[in-house]
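**Student:** Quick one: the structure is below, and I'll ask about it shortly.
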Amino acid sequence: MLNKYARAFFTRVLTPFAALLIRIGVSPDAVTLVGTGGVVAGALIFYPLGEFFWGTIVITLFVFSDLVDGNMARQLGRSSRWGAFLDSTLDRVADSAIFGGLALWYAGRGDSLMLCGMAIFCLASGQVVSYTKARGEAIGLPVDVNGLVERAERLVITLVACGLSGLHAFGVPGVEILLPIALWIVGIGSAVTLGQRVVTVRRESAEADAMAQGGNSA
């Protein structure tokens, strides 16, 4: 849902920055690696300590590398299978670090096994949602469905809630409830999205098999 509109907007905004990186000799792969490293460091250093505001600031600074590297590749005319593979793989690493950091917080000083479990569920369901689309496309299906909560939604909901919850450390009352709410929204939304994709793949595979059988009988 957000992927379609937010990605186009931020791509336009970040185009001059991508062009600058190209001029100074930075490669798209380097941006991908540095961006992922920054997200992982921000999530696994700050979140387990309950430093949600500063952790979110660090993560947000690096998370846009996902748009910058692709923009650079297009400007250079170097879009490649390797770049797409690296980008997609490291996206999974970054997502795992974010929800893993939250799980560590709730397993420790956050003292909530239920929310620890929900963070782990968000991590796992997000990975499976991505896998269903990749696997469906790998067997030749379009997987033509706009899921309720895809990667962009998962990141925006979680990071906004984390950042606002972190304001509790600055004396803002009541905001700490936002992160648990966000985890439940992301978890339930991811489960719904998984169901949407499974149903879509089942329908598309049945249609493809029927067309193949019809072609063979002819």
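Going by the structure tokens order, chains are called A, B, ..., each with residues numbered from 1, while ligands are numbered from 1 in the order shown.
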What lies within 10 Å of Ser205 (chain A) using only C-alpha atoms, ignoring chain neighbours under 6 positions off, as a list in words?

**Tutor:** Gly136, Ile139, Gly140, Leu141, Pro142, Val143, Val199 and Met211 of chain A

**Student:** Could you name the residues that touch region 52-68 of chain A at 6 Å or less, counting only C-alpha atoms, but leaving out those on the same chain fewer than 4 positions away, as a list in words?

**Tutor:** Ala18, Gly35, Gly38, Val39, Gly42, Phe46, Tyr47, Cys162, Gly163 and Gly166 of chain A

**Student:** Grab the residues selected above and save them as a PDB file, in the first residue's frame with N, CA, C and O atoms.

**Tutor:**
```pdb
ATOM      1  N   ALA A  18      21.495  10.897  -4.445  1.00  0.00           N
ATOM      2  CA  ALA A  18      22.044   9.736  -5.163  1.00  0.00           C
ATOM      3  C   ALA A  18      23.028  10.186  -6.238  1.00  0.00           C
ATOM      4  O   ALA A  18      24.089   9.574  -6.429  1.00  0.00           O
ATOM      5  N   GLY A  35      24.097   1.108   4.621  1.00  0.00           N
ATOM      6  CA  GLY A  35      22.756   1.341   5.127  1.00  0.00           C
ATOM      7  C   GLY A  35      22.278   0.217   6.024  1.00  0.00           C
ATOM      8  O   GLY A  35      21.731   0.449   7.111  1.00  0.00           O
ATOM      9  N   GLY A  38      24.110   0.289   9.343  1.00  0.00           N
ATOM     10  CA  GLY A  38      23.608   1.326  10.232  1.00  0.00           C
ATOM     11  C   GLY A  38      22.297   0.946  10.896  1.00  0.00           C
ATOM     12  O   GLY A  38      22.103   1.181  12.094  1.00  0.00           O
ATOM     13  N   VAL A  39      21.396   0.339  10.124  1.00  0.00           N
ATOM     14  CA  VAL A  39      20.120  -0.098  10.693  1.00  0.00           C
ATOM     15  C   VAL A  39      20.347  -1.173  11.757  1.00  0.00           C
ATOM     16  O   VAL A  39      19.766  -1.120  12.851  1.00  0.00           O
ATOM     17  N   GLY A  42      21.906   0.422  14.887  1.00  0.00           N
ATOM     18  CA  GLY A  42      20.936   1.214  15.618  1.00  0.00           C
ATOM     19  C   GLY A  42      19.931   0.361  16.370  1.00  0.00           C
ATOM     20  O   GLY A  42      19.586   0.645  17.524  1.00  0.00           O
ATOM     21  N   PHE A  46      20.698   0.202  20.492  1.00  0.00           N
ATOM     22  CA  PHE A  46      19.804   1.085  21.248  1.00  0.00           C
ATOM     23  C   PHE A  46      18.539   0.399  21.755  1.00  0.00           C
ATOM     24  O   PHE A  46      18.139   0.598  22.904  1.00  0.00           O
ATOM     25  N   TYR A  47      17.886  -0.406  20.906  1.00  0.00           N
ATOM     26  CA  TYR A  47      16.594  -0.966  21.300  1.00  0.00           C
ATOM     27  C   TYR A  47      16.676  -1.897  22.515  1.00  0.00           C
ATOM     28  O   TYR A  47      15.808  -1.813  23.399  1.00  0.00           O
ATOM     29  N   CYS A 162       8.046   3.353  17.835  1.00  0.00           N
ATOM     30  CA  CYS A 162       9.260   3.304  18.653  1.00  0.00           C
ATOM     31  C   CYS A 162       9.752   4.712  18.981  1.00  0.00           C
ATOM     32  O   CYS A 162      10.100   5.017  20.130  1.00  0.00           O
ATOM     33  N   GLY A 163       9.811   5.570  17.956  1.00  0.00           N
ATOM     34  CA  GLY A 163      10.289   6.922  18.180  1.00  0.00           C
ATOM     35  C   GLY A 163       9.427   7.690  19.161  1.00  0.00           C
ATOM     36  O   GLY A 163       9.935   8.359  20.074  1.00  0.00           O
ATOM     37  N   GLY A 166       9.796   6.457  22.669  1.00  0.00           N
ATOM     38  CA  GLY A 166      11.050   6.914  23.258  1.00  0.00           C
ATOM     39  C   GLY A 166      10.957   8.280  23.902  1.00  0.00           C
ATOM     40  O   GLY A 166      11.808   8.635  24.736  1.00  0.00           O
TER      41      GLY A 166
END
```

**Student:** As a ChimeraX atom specification, please: the residues near Phe121 (chain A) (cut-off 9 Å, only C-alpha atoms, same-chain neighbours under 4 positions excluded).

**Tutor:** /A:99,116-117,125-126,187

**Student:** From the list A:Leu167, A:Ala134, A:Met72, A:Ala212, which residue is nearest Pro16 (chain A) when using only C-alpha atoms?

**Tutor:**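 Nearest candidate to Pro16 (chain A) out of A:Leu167, A:Ala134, A:Met72, A:Ala212: A:Met72.
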
**Student:** Could you give me, as a PyMOL selection string, each residue of region 76-140 of chain A that DSSP assigns to helix (DSSP H, G or I) when run on this structure's backbone?

**Tutor:** chain A and resi 76+81-107+113-138

**Student:** Counting only C-alpha atoms, which residue out of A:Gly195, A:Gly171, A:Pro28, A:Gly189 sits closest to Leu76 (chain A)?

**Tutor:**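 Nearest to Leu76 (chain A): A:Pro28.
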
**Student:** Which residue out of A:Asp69, A:Glu150, A:Glu176, A:Asp29 has the minimum interatomic distance to Tyr131 (chain A) when only C-alpha atoms are used?

**Tutor:**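 Distance minimum relative to Tyr131 (chain A) lands on A:Glu150.
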
**Student:** Neighbours of region 86-88 of chain A within 8 Å (only C-alpha atoms; same-chain residues fewer than 3 positions away dropped), as JSON, numbers by chain?

**Tutor:** {"A": [29, 32, 66, 82, 83, 91, 92]}
